[in-house]
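Student: Enclosed is the structure file my_file_13.txt (compact mmCIF, N, CA and C atoms).
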```
# COMPACT_ATOMS: atom_id res chain seq x y z
N MET I 1 32.04 97.40 173.34
CA MET I 1 32.23 97.81 171.96
C MET I 1 33.39 97.07 171.31
N ALA I 2 34.49 96.91 172.07
CA ALA I 2 35.67 96.21 171.55
C ALA I 2 35.32 94.76 171.24
N ARG I 3 34.51 94.14 172.11
CA ARG I 3 34.11 92.75 171.87
C ARG I 3 33.24 92.63 170.61
N LEU I 4 32.39 93.60 170.39
CA LEU I 4 31.54 93.60 169.21
C LEU I 4 32.40 93.69 167.94
N CYS I 5 33.42 94.54 167.97
CA CYS I 5 34.33 94.67 166.82
C CYS I 5 35.11 93.37 166.59
N GLN I 6 35.57 92.76 167.67
CA GLN I 6 36.30 91.49 167.53
C GLN I 6 35.38 90.41 166.95
N ALA I 7 34.14 90.37 167.43
CA ALA I 7 33.18 89.38 166.94
C ALA I 7 32.90 89.59 165.46
N LEU I 8 32.75 90.86 165.05
CA LEU I 8 32.51 91.15 163.63
C LEU I 8 33.70 90.76 162.76
N VAL I 9 34.91 91.05 163.23
CA VAL I 9 36.12 90.67 162.49
C VAL I 9 36.19 89.16 162.35
N LEU I 10 35.91 88.44 163.44
CA LEU I 10 35.94 86.98 163.42
C LEU I 10 34.87 86.44 162.46
N LEU I 11 33.69 87.03 162.48
CA LEU I 11 32.61 86.61 161.59
C LEU I 11 32.98 86.82 160.12
N VAL I 12 33.53 87.97 159.80
CA VAL I 12 33.94 88.29 158.42
C VAL I 12 35.04 87.34 157.97
N ALA I 13 36.02 87.08 158.84
CA ALA I 13 37.13 86.18 158.49
C ALA I 13 36.62 84.77 158.24
N THR I 14 35.69 84.30 159.09
CA THR I 14 35.12 82.96 158.91
C THR I 14 34.35 82.87 157.60
N ALA I 15 33.55 83.88 157.31
CA ALA I 15 32.79 83.90 156.06
C ALA I 15 33.71 83.89 154.84
N ALA I 16 34.81 84.63 154.91
CA ALA I 16 35.77 84.67 153.79
C ALA I 16 36.40 83.31 153.57
N LEU I 17 36.79 82.64 154.65
CA LEU I 17 37.39 81.31 154.52
C LEU I 17 36.40 80.30 153.96
N LEU I 18 35.17 80.34 154.45
CA LEU I 18 34.16 79.41 153.95
C LEU I 18 33.85 79.65 152.48
N SER I 19 33.79 80.89 152.05
CA SER I 19 33.48 81.18 150.65
C SER I 19 34.59 80.66 149.74
N GLN I 20 35.85 80.70 150.18
CA GLN I 20 36.94 80.15 149.37
C GLN I 20 36.82 78.65 149.26
N ARG I 21 36.42 77.99 150.33
CA ARG I 21 36.26 76.54 150.30
C ARG I 21 35.10 76.13 149.40
N VAL I 22 34.01 76.88 149.43
CA VAL I 22 32.86 76.57 148.58
C VAL I 22 33.27 76.66 147.11
N GLN I 23 34.04 77.65 146.72
CA GLN I 23 34.49 77.77 145.34
C GLN I 23 35.36 76.59 144.96
N ALA I 24 36.18 76.12 145.87
CA ALA I 24 37.07 74.99 145.58
C ALA I 24 36.27 73.71 145.37
N TRP I 25 35.12 73.56 146.03
CA TRP I 25 34.32 72.36 145.86
C TRP I 25 33.77 72.24 144.45
N GLY I 26 33.56 73.35 143.76
CA GLY I 26 32.96 73.35 142.45
C GLY I 26 33.87 72.83 141.34
N SER I 27 35.17 72.90 141.53
CA SER I 27 36.08 72.45 140.48
C SER I 27 37.13 71.51 141.07
N PRO I 28 37.48 70.46 140.31
CA PRO I 28 38.45 69.50 140.83
C PRO I 28 39.85 70.10 140.91
N LYS I 29 40.58 69.68 141.88
CA LYS I 29 41.95 70.15 142.07
C LYS I 29 42.86 69.44 141.06
N VAL I 30 43.70 70.21 140.40
CA VAL I 30 44.64 69.64 139.44
C VAL I 30 45.84 69.11 140.21
N VAL I 31 46.02 67.79 140.16
CA VAL I 31 47.15 67.15 140.83
C VAL I 31 48.38 67.25 139.94
N ARG I 32 48.17 67.02 138.63
CA ARG I 32 49.25 67.17 137.64
C ARG I 32 48.63 67.75 136.38
N ALA I 33 49.17 68.87 135.93
CA ALA I 33 48.65 69.56 134.73
C ALA I 33 48.93 68.72 133.49
N PHE I 34 48.29 69.10 132.38
CA PHE I 34 48.44 68.36 131.12
C PHE I 34 49.91 68.20 130.74
N GLN I 35 50.26 66.94 130.41
CA GLN I 35 51.60 66.60 129.93
C GLN I 35 51.46 65.67 128.73
N ASP I 36 52.39 65.79 127.79
CA ASP I 36 52.38 64.91 126.62
C ASP I 36 52.53 63.47 127.04
N ILE I 37 51.77 62.59 126.39
CA ILE I 37 51.87 61.15 126.62
C ILE I 37 51.81 60.44 125.27
N PRO I 38 52.21 59.16 125.21
CA PRO I 38 52.17 58.43 123.94
C PRO I 38 50.75 58.26 123.39
N LYS I 39 50.63 58.35 122.09
CA LYS I 39 49.34 58.19 121.42
C LYS I 39 48.80 56.78 121.57
N SER I 40 49.68 55.82 121.79
CA SER I 40 49.29 54.42 121.90
C SER I 40 48.91 54.01 123.32
N TYR I 41 48.94 54.93 124.27
CA TYR I 41 48.59 54.64 125.66
C TYR I 41 47.15 54.13 125.70
N VAL I 42 46.91 53.04 126.41
CA VAL I 42 45.61 52.36 126.37
C VAL I 42 44.45 53.28 126.77
N TYR I 43 44.63 54.15 127.74
CA TYR I 43 43.54 55.03 128.15
C TYR I 43 43.29 56.14 127.12
N VAL I 44 44.31 56.52 126.38
CA VAL I 44 44.12 57.47 125.28
C VAL I 44 43.27 56.81 124.20
N GLU I 45 43.58 55.57 123.89
CA GLU I 45 42.81 54.85 122.86
C GLU I 45 41.35 54.71 123.28
N GLN I 46 41.11 54.42 124.56
CA GLN I 46 39.72 54.32 125.05
C GLN I 46 39.02 55.68 124.97
N ALA I 47 39.73 56.73 125.37
CA ALA I 47 39.14 58.07 125.35
C ALA I 47 38.83 58.49 123.91
N LEU I 48 39.71 58.17 122.97
CA LEU I 48 39.48 58.52 121.57
C LEU I 48 38.33 57.71 120.99
N TRP I 49 38.25 56.45 121.33
CA TRP I 49 37.12 55.62 120.89
C TRP I 49 35.81 56.24 121.37
N PHE I 50 35.77 56.64 122.64
CA PHE I 50 34.58 57.26 123.22
C PHE I 50 34.26 58.60 122.53
N ALA I 51 35.29 59.42 122.32
CA ALA I 51 35.10 60.72 121.68
C ALA I 51 34.52 60.56 120.28
N MET I 52 35.03 59.60 119.53
CA MET I 52 34.52 59.38 118.17
C MET I 52 33.09 58.85 118.19
N LYS I 53 32.78 58.00 119.14
CA LYS I 53 31.42 57.50 119.28
C LYS I 53 30.47 58.67 119.56
N GLU I 54 30.86 59.56 120.46
CA GLU I 54 30.04 60.72 120.80
C GLU I 54 29.95 61.70 119.61
N TYR I 55 31.06 61.89 118.90
CA TYR I 55 31.06 62.77 117.73
C TYR I 55 30.07 62.26 116.69
N ASN I 56 30.17 60.97 116.36
CA ASN I 56 29.29 60.39 115.34
C ASN I 56 27.83 60.43 115.77
N LYS I 57 27.57 60.23 117.04
CA LYS I 57 26.20 60.27 117.55
C LYS I 57 25.61 61.68 117.40
N ALA I 58 26.41 62.70 117.68
CA ALA I 58 25.93 64.09 117.64
C ALA I 58 25.94 64.70 116.23
N SER I 59 26.73 64.13 115.33
CA SER I 59 26.87 64.68 113.99
C SER I 59 25.57 64.54 113.20
N ARG I 60 25.29 65.56 112.38
CA ARG I 60 24.10 65.52 111.53
C ARG I 60 24.40 64.86 110.18
N ASP I 61 25.65 64.53 109.97
CA ASP I 61 26.06 63.88 108.71
C ASP I 61 25.45 62.48 108.64
N LYS I 62 25.11 62.03 107.44
CA LYS I 62 24.55 60.68 107.25
C LYS I 62 25.60 59.59 107.41
N TYR I 63 26.87 60.00 107.30
CA TYR I 63 27.96 59.03 107.33
C TYR I 63 28.78 59.15 108.62
N ASN I 64 29.37 58.02 109.01
CA ASN I 64 30.26 58.01 110.16
C ASN I 64 31.61 58.63 109.80
N PHE I 65 32.29 59.16 110.78
CA PHE I 65 33.64 59.68 110.64
C PHE I 65 34.57 58.77 111.43
N ARG I 66 35.82 58.72 111.01
CA ARG I 66 36.82 58.01 111.79
C ARG I 66 38.14 58.77 111.74
N VAL I 67 39.05 58.40 112.62
CA VAL I 67 40.31 59.11 112.78
C VAL I 67 41.23 58.84 111.58
N VAL I 68 41.80 59.92 111.07
CA VAL I 68 42.81 59.83 110.02
C VAL I 68 44.19 59.90 110.66
N GLU I 69 44.34 60.86 111.61
CA GLU I 69 45.64 61.05 112.25
C GLU I 69 45.47 61.64 113.65
N VAL I 70 46.18 61.07 114.61
CA VAL I 70 46.22 61.62 115.97
C VAL I 70 47.41 62.59 115.99
N LEU I 71 47.14 63.85 116.29
CA LEU I 71 48.19 64.87 116.25
C LEU I 71 48.85 65.11 117.61
N LYS I 72 48.05 65.07 118.67
CA LYS I 72 48.60 65.39 119.99
C LYS I 72 47.77 64.70 121.07
N THR I 73 48.44 64.16 122.09
CA THR I 73 47.75 63.55 123.23
C THR I 73 48.43 63.99 124.52
N GLN I 74 47.60 64.38 125.48
CA GLN I 74 48.10 64.79 126.79
C GLN I 74 47.19 64.23 127.87
N GLU I 75 47.75 64.12 129.08
CA GLU I 75 46.99 63.63 130.23
C GLU I 75 47.13 64.63 131.37
N GLN I 76 46.01 64.84 132.07
CA GLN I 76 45.99 65.66 133.28
C GLN I 76 45.34 64.83 134.37
N ILE I 77 45.83 64.97 135.59
CA ILE I 77 45.26 64.22 136.70
C ILE I 77 44.55 65.19 137.64
N THR I 78 43.26 64.93 137.84
CA THR I 78 42.46 65.68 138.81
C THR I 78 41.82 64.60 139.70
N ASP I 79 40.51 64.68 139.91
CA ASP I 79 39.82 63.59 140.59
C ASP I 79 39.54 62.46 139.60
N SER I 80 39.95 62.68 138.35
CA SER I 80 39.86 61.68 137.29
C SER I 80 41.10 61.83 136.41
N LEU I 81 41.18 61.02 135.39
CA LEU I 81 42.24 61.15 134.38
C LEU I 81 41.61 61.88 133.20
N GLU I 82 42.19 62.99 132.80
CA GLU I 82 41.63 63.77 131.70
C GLU I 82 42.58 63.72 130.52
N TYR I 83 42.02 63.43 129.34
CA TYR I 83 42.83 63.29 128.14
C TYR I 83 42.47 64.38 127.13
N TYR I 84 43.50 65.10 126.72
CA TYR I 84 43.40 66.13 125.70
C TYR I 84 43.89 65.49 124.41
N ILE I 85 43.04 65.49 123.38
CA ILE I 85 43.37 64.79 122.13
C ILE I 85 43.06 65.71 120.95
N GLU I 86 44.06 65.90 120.09
CA GLU I 86 43.86 66.63 118.83
C GLU I 86 43.94 65.61 117.70
N VAL I 87 42.93 65.61 116.82
CA VAL I 87 42.88 64.64 115.73
C VAL I 87 42.36 65.26 114.45
N LYS I 88 42.73 64.62 113.35
CA LYS I 88 42.09 64.87 112.07
C LYS I 88 41.18 63.67 111.84
N ILE I 89 39.93 63.95 111.52
CA ILE I 89 38.99 62.89 111.22
C ILE I 89 38.39 63.13 109.85
N ALA I 90 37.84 62.07 109.25
CA ALA I 90 37.27 62.21 107.91
C ALA I 90 36.02 61.35 107.79
N ARG I 91 35.16 61.78 106.87
CA ARG I 91 33.94 61.04 106.55
C ARG I 91 34.32 59.70 105.92
N THR I 92 33.55 58.68 106.27
CA THR I 92 33.77 57.36 105.67
C THR I 92 32.61 57.04 104.73
N MET I 93 32.67 55.87 104.13
CA MET I 93 31.60 55.42 103.24
C MET I 93 30.48 54.72 104.01
N CYS I 94 30.66 54.50 105.31
CA CYS I 94 29.65 53.80 106.11
C CYS I 94 28.59 54.76 106.62
N LYS I 95 27.34 54.44 106.34
CA LYS I 95 26.24 55.24 106.85
C LYS I 95 26.06 54.92 108.33
N LYS I 96 25.52 55.90 109.04
CA LYS I 96 25.32 55.74 110.49
C LYS I 96 24.45 54.54 110.82
N ILE I 97 23.49 54.24 109.98
CA ILE I 97 22.57 53.13 110.28
C ILE I 97 23.29 51.79 110.34
N SER I 98 24.47 51.70 109.73
CA SER I 98 25.22 50.44 109.75
C SER I 98 25.81 50.16 111.13
N GLY I 99 26.03 51.22 111.91
CA GLY I 99 26.58 51.06 113.25
C GLY I 99 28.07 50.78 113.26
N GLN I 100 28.68 50.72 112.10
CA GLN I 100 30.11 50.42 111.99
C GLN I 100 30.87 51.68 111.64
N SER I 101 32.09 51.82 112.18
CA SER I 101 32.91 52.96 111.78
C SER I 101 34.39 52.62 111.73
N GLU I 102 34.83 51.64 112.51
CA GLU I 102 36.26 51.34 112.59
C GLU I 102 36.85 50.81 111.28
N ASN I 103 36.12 49.98 110.56
CA ASN I 103 36.65 49.36 109.34
C ASN I 103 36.15 50.01 108.06
N CYS I 104 35.58 51.16 108.17
CA CYS I 104 35.01 51.83 106.99
C CYS I 104 36.10 52.52 106.19
N ILE I 105 35.94 52.48 104.87
CA ILE I 105 36.92 53.12 103.99
C ILE I 105 36.52 54.58 103.74
N PHE I 106 37.51 55.37 103.36
CA PHE I 106 37.26 56.77 103.03
C PHE I 106 36.84 56.86 101.56
N PRO I 107 35.95 57.78 101.21
CA PRO I 107 35.48 57.90 99.83
C PRO I 107 36.57 58.45 98.90
N GLU I 108 36.56 57.97 97.66
CA GLU I 108 37.50 58.48 96.65
C GLU I 108 36.91 59.67 95.90
N ASP I 109 35.59 59.75 95.87
CA ASP I 109 34.90 60.85 95.20
C ASP I 109 35.13 62.15 95.98
N PRO I 110 35.76 63.16 95.35
CA PRO I 110 36.03 64.42 96.04
C PRO I 110 34.78 65.11 96.61
N LYS I 111 33.63 64.87 95.98
CA LYS I 111 32.39 65.47 96.47
C LYS I 111 31.96 64.87 97.81
N MET I 112 32.37 63.66 98.07
CA MET I 112 32.01 62.97 99.32
C MET I 112 33.04 63.20 100.43
N GLN I 113 34.23 63.62 100.07
CA GLN I 113 35.30 63.77 101.06
C GLN I 113 35.03 64.96 101.98
N LYS I 114 35.30 64.73 103.24
CA LYS I 114 35.18 65.82 104.23
C LYS I 114 36.17 65.53 105.35
N MET I 115 37.02 66.51 105.65
CA MET I 115 38.04 66.39 106.69
C MET I 115 37.74 67.41 107.78
N VAL I 116 37.92 67.00 109.03
CA VAL I 116 37.62 67.85 110.19
C VAL I 116 38.77 67.76 111.18
N PHE I 117 39.12 68.91 111.78
CA PHE I 117 40.10 68.95 112.86
C PHE I 117 39.33 69.06 114.17
N CYS I 118 39.61 68.18 115.13
CA CYS I 118 38.88 68.18 116.40
C CYS I 118 39.82 68.20 117.59
N THR I 119 39.37 68.86 118.62
CA THR I 119 40.01 68.81 119.93
C THR I 119 38.99 68.24 120.89
N PHE I 120 39.38 67.17 121.56
CA PHE I 120 38.51 66.54 122.56
C PHE I 120 39.21 66.56 123.91
N ILE I 121 38.44 66.76 124.96
CA ILE I 121 38.93 66.49 126.32
C ILE I 121 37.94 65.52 126.93
N VAL I 122 38.47 64.35 127.28
CA VAL I 122 37.65 63.27 127.83
C VAL I 122 38.11 62.96 129.24
N SER I 123 37.16 62.90 130.15
CA SER I 123 37.45 62.51 131.53
C SER I 123 37.24 61.01 131.65
N SER I 124 38.19 60.35 132.27
CA SER I 124 38.12 58.90 132.44
C SER I 124 38.30 58.54 133.91
N ARG I 125 37.44 57.69 134.37
CA ARG I 125 37.58 57.08 135.70
C ARG I 125 37.53 55.58 135.48
N PRO I 126 38.67 55.01 135.08
CA PRO I 126 38.68 53.58 134.73
C PRO I 126 38.27 52.68 135.88
N TRP I 127 38.50 53.12 137.11
CA TRP I 127 38.12 52.32 138.27
C TRP I 127 36.61 52.25 138.44
N LYS I 128 35.87 53.14 137.74
CA LYS I 128 34.40 53.14 137.78
C LYS I 128 33.81 52.83 136.39
N PHE I 129 34.67 52.60 135.41
CA PHE I 129 34.25 52.37 134.03
C PHE I 129 33.43 53.55 133.49
N GLU I 130 33.89 54.79 133.79
CA GLU I 130 33.20 56.00 133.36
C GLU I 130 34.04 56.79 132.37
N LEU I 131 33.40 57.25 131.31
CA LEU I 131 34.00 58.17 130.35
C LEU I 131 33.01 59.31 130.15
N THR I 132 33.53 60.55 130.18
CA THR I 132 32.68 61.72 130.02
C THR I 132 33.37 62.72 129.10
N MET I 133 32.62 63.26 128.16
CA MET I 133 33.15 64.29 127.26
C MET I 133 33.11 65.63 127.99
N LEU I 134 34.28 66.24 128.20
CA LEU I 134 34.35 67.55 128.83
C LEU I 134 34.36 68.66 127.80
N LYS I 135 34.97 68.38 126.62
CA LYS I 135 35.05 69.40 125.57
C LYS I 135 35.10 68.72 124.22
N LYS I 136 34.37 69.28 123.27
CA LYS I 136 34.43 68.82 121.88
C LYS I 136 34.39 70.06 121.01
N GLN I 137 35.47 70.31 120.31
CA GLN I 137 35.54 71.49 119.42
C GLN I 137 36.08 71.01 118.08
N CYS I 138 35.29 71.17 117.04
CA CYS I 138 35.70 70.70 115.72
C CYS I 138 35.47 71.78 114.67
N LYS I 139 36.32 71.76 113.64
CA LYS I 139 36.13 72.68 112.51
C LYS I 139 36.58 71.99 111.23
N ASP I 140 35.86 72.30 110.17
CA ASP I 140 36.18 71.73 108.85
C ASP I 140 37.55 72.22 108.40
N ILE I 141 38.25 71.33 107.73
CA ILE I 141 39.57 71.68 107.18
C ILE I 141 39.42 71.93 105.68
```
Take the structure in the file and give it back as C-alpha cells.

Tutor:
Amino acid sequence: MARLCQALVLLVATAALLSQRVQAWGSPKVVRAFQDIPKSYVYVEQALWFAMKEYNKASRDKYNFRVVEVLKTQEQITDSLEYYIEVKIARTMCKKISGQSENCIFPEDPKMQKMVFCTFIVSSRPWKFELTMLKKQCKDI
C-alpha cells in the first residue's frame, strides 16, 4: 500500500512538472522586457515600414496613410526582437492603386483629412528576414 501511495505521488508530481513545461512551450520567454530605444534605430524603421505596409493593405480607405509622428518606440527581446511603436498617421493624397505611400503629400482639404493614432507590435527576426505583426490597434483622432 505504501508503495502504491509513493507511486501515485511520483506520478502526480511528474504530471505537474510536465504540464508547466507544456505551458512554457506555447509562449516565448522574455529575455529583456520592453525598454525605450531611439526612434531612428534601423530595426525600428524596418518594423514601422512593415507595420504601415500591413496597415495600408488591411485598410478599407481608398487612400494610403503614412506616418506623421513617431511618439514612442520600445524593444523587447524574446526568441525574436519585438518592437512596440506608437504613431500618429494620416491619410495622403495617393490612392492605393498607385502603390506609393512614402512620398505622398497630405491633403489640404479638411474633408479629406483623417488622422489616426496607432499602436503596433512587430516581431522581427532579422537573421531570417522575417517580420510579423503581433498587434495592431488604431483609433481615429

Student: How many Å separate atom N of Lys29 in chain I from atom N of Tyr55 in chain I?

Tutor: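 Computing it gives 26.1 Å between the two atoms.
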
Student: Take the point (38.2, 61.0, 107.0) as written in the file and pick out every residue within 6.5 Å of it, counting all atoms listed in the file; give the list as a PyMOL selection string.

Tutor: chain I and resi 65-68+88-92+106+114-116

Student: Could you tell me how far atom C of Ser123 in chain I lies from atom C of Arg32 in chain I, in Å and to one decimal?

Tutor: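 Result for atom C of Ser123 in chain I versus atom C of Arg32 in chain I: 14.1 Å, one decimal.
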
Student: What is the distance between atom N of Tyr41 in chain I and atom N of Gln74 in chain I, in Å to one decimal?

Tutor: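 Going from atom N of Tyr41 in chain I over to atom N of Gln74 in chain I, I get 9.6 Å.
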
Student: Give me, as a PyMOL selection string, the residues of range 17-92 of chain I that a backbone DSSP run labels strand (DSSP E or B).

Tutor: chain I and resi 32-36+63-77+81-92

Student: Which polymer residues have any atom within 7 Å of an atom of Tyr63 in chain I, counting all atoms listed in the file, with same-chain residues fewer than 3 positions away left out, as a PyMOL selection string?

Tutor: chain I and resi 56+60+91-96

Student: Skip Ser124 in chain I itself and residues of its chain fewer than 4 positions away, then list as an NGL selection string all residues within 5 Å of it, counting only N, CA and C atoms.

Tutor: :I and (80-82 or 130-131)

Student: Can you work out which one of I:Ile141, I:Val44, I:Phe117, I:Val31 has the shortest atom-to-atom distance to Tyr84 in chain I, counting only C-alpha atoms?

Tutor: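 Going through I:Ile141, I:Val44, I:Phe117, I:Val31 one by one, the smallest distance to Tyr84 in chain I is for I:Val44.
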
Student: Kindly reconstruct range 70-81 of chain I with all heavy atoms and present the result as a short mmCIF file (atom, residue, chain, number, x, y, z; two decimals), in the coordinates of the input.

Tutor:
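Output contents, as saved in part00.cif:
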```
data_model
loop_
_atom_site.label_atom_id
_atom_site.label_comp_id
_atom_site.auth_asym_id
_atom_site.auth_seq_id
_atom_site.Cartn_x
_atom_site.Cartn_y
_atom_site.Cartn_z
N VAL I 70 46.18 61.07 114.61
CA VAL I 70 46.22 61.62 115.97
C VAL I 70 47.41 62.59 115.99
O VAL I 70 48.54 62.19 115.74
CB VAL I 70 46.37 60.53 117.04
CG1 VAL I 70 46.47 61.15 118.43
CG2 VAL I 70 45.23 59.53 116.96
N LEU I 71 47.14 63.85 116.29
CA LEU I 71 48.19 64.87 116.25
C LEU I 71 48.85 65.11 117.61
O LEU I 71 50.05 65.36 117.67
CB LEU I 71 47.60 66.19 115.73
CG LEU I 71 46.92 66.10 114.36
CD1 LEU I 71 46.16 67.36 114.06
CD2 LEU I 71 47.96 65.81 113.29
N LYS I 72 48.05 65.07 118.67
CA LYS I 72 48.60 65.39 119.99
C LYS I 72 47.77 64.70 121.07
O LYS I 72 46.54 64.67 120.97
CB LYS I 72 48.56 66.91 120.21
CG LYS I 72 49.17 67.39 121.49
CD LYS I 72 49.18 68.92 121.52
CE LYS I 72 49.94 69.43 122.73
NZ LYS I 72 50.12 70.88 122.69
N THR I 73 48.44 64.16 122.09
CA THR I 73 47.75 63.55 123.23
C THR I 73 48.43 63.99 124.52
O THR I 73 49.66 63.98 124.62
CB THR I 73 47.76 62.01 123.14
OG1 THR I 73 49.10 61.55 123.02
CG2 THR I 73 46.95 61.51 121.96
N GLN I 74 47.60 64.38 125.48
CA GLN I 74 48.10 64.79 126.79
C GLN I 74 47.19 64.23 127.87
O GLN I 74 46.01 63.95 127.62
CB GLN I 74 48.14 66.32 126.91
CG GLN I 74 49.11 66.99 125.99
CD GLN I 74 49.18 68.49 126.21
OE1 GLN I 74 48.20 69.14 126.53
NE2 GLN I 74 50.37 69.05 126.06
N GLU I 75 47.75 64.12 129.08
CA GLU I 75 46.99 63.63 130.23
C GLU I 75 47.13 64.63 131.37
O GLU I 75 48.20 65.18 131.60
CB GLU I 75 47.53 62.28 130.68
CG GLU I 75 46.82 61.69 131.88
CD GLU I 75 47.45 60.40 132.34
OE1 GLU I 75 48.65 60.41 132.69
OE2 GLU I 75 46.74 59.38 132.34
N GLN I 76 46.01 64.84 132.07
CA GLN I 76 45.99 65.66 133.28
C GLN I 76 45.34 64.83 134.37
O GLN I 76 44.39 64.09 134.11
CB GLN I 76 45.18 66.93 133.03
CG GLN I 76 44.96 67.77 134.28
CD GLN I 76 44.30 69.10 133.95
OE1 GLN I 76 44.97 70.03 133.59
NE2 GLN I 76 42.97 69.17 134.07
N ILE I 77 45.83 64.97 135.59
CA ILE I 77 45.26 64.22 136.70
C ILE I 77 44.55 65.19 137.64
O ILE I 77 45.15 66.15 138.12
CB ILE I 77 46.33 63.43 137.46
CG1 ILE I 77 47.03 62.44 136.51
CG2 ILE I 77 45.72 62.69 138.66
CD1 ILE I 77 48.20 61.72 137.10
N THR I 78 43.26 64.93 137.84
CA THR I 78 42.46 65.68 138.81
C THR I 78 41.82 64.60 139.70
O THR I 78 42.51 63.68 140.11
CB THR I 78 41.40 66.56 138.12
OG1 THR I 78 40.53 65.71 137.35
CG2 THR I 78 42.03 67.59 137.22
N ASP I 79 40.51 64.68 139.91
CA ASP I 79 39.82 63.59 140.59
C ASP I 79 39.54 62.46 139.60
O ASP I 79 38.97 61.44 139.94
CB ASP I 79 38.53 64.08 141.25
CG ASP I 79 37.54 64.65 140.26
OD1 ASP I 79 37.95 64.99 139.12
OD2 ASP I 79 36.36 64.79 140.61
N SER I 80 39.95 62.68 138.35
CA SER I 80 39.86 61.68 137.29
C SER I 80 41.10 61.83 136.41
O SER I 80 41.96 62.66 136.67
CB SER I 80 38.59 61.91 136.46
OG SER I 80 38.63 63.17 135.84
N LEU I 81 41.18 61.02 135.39
CA LEU I 81 42.24 61.15 134.38
C LEU I 81 41.61 61.88 133.20
O LEU I 81 40.59 61.43 132.67
CB LEU I 81 42.75 59.78 133.95
CG LEU I 81 43.27 58.89 135.08
CD1 LEU I 81 43.59 57.50 134.54
CD2 LEU I 81 44.49 59.50 135.72
#
```
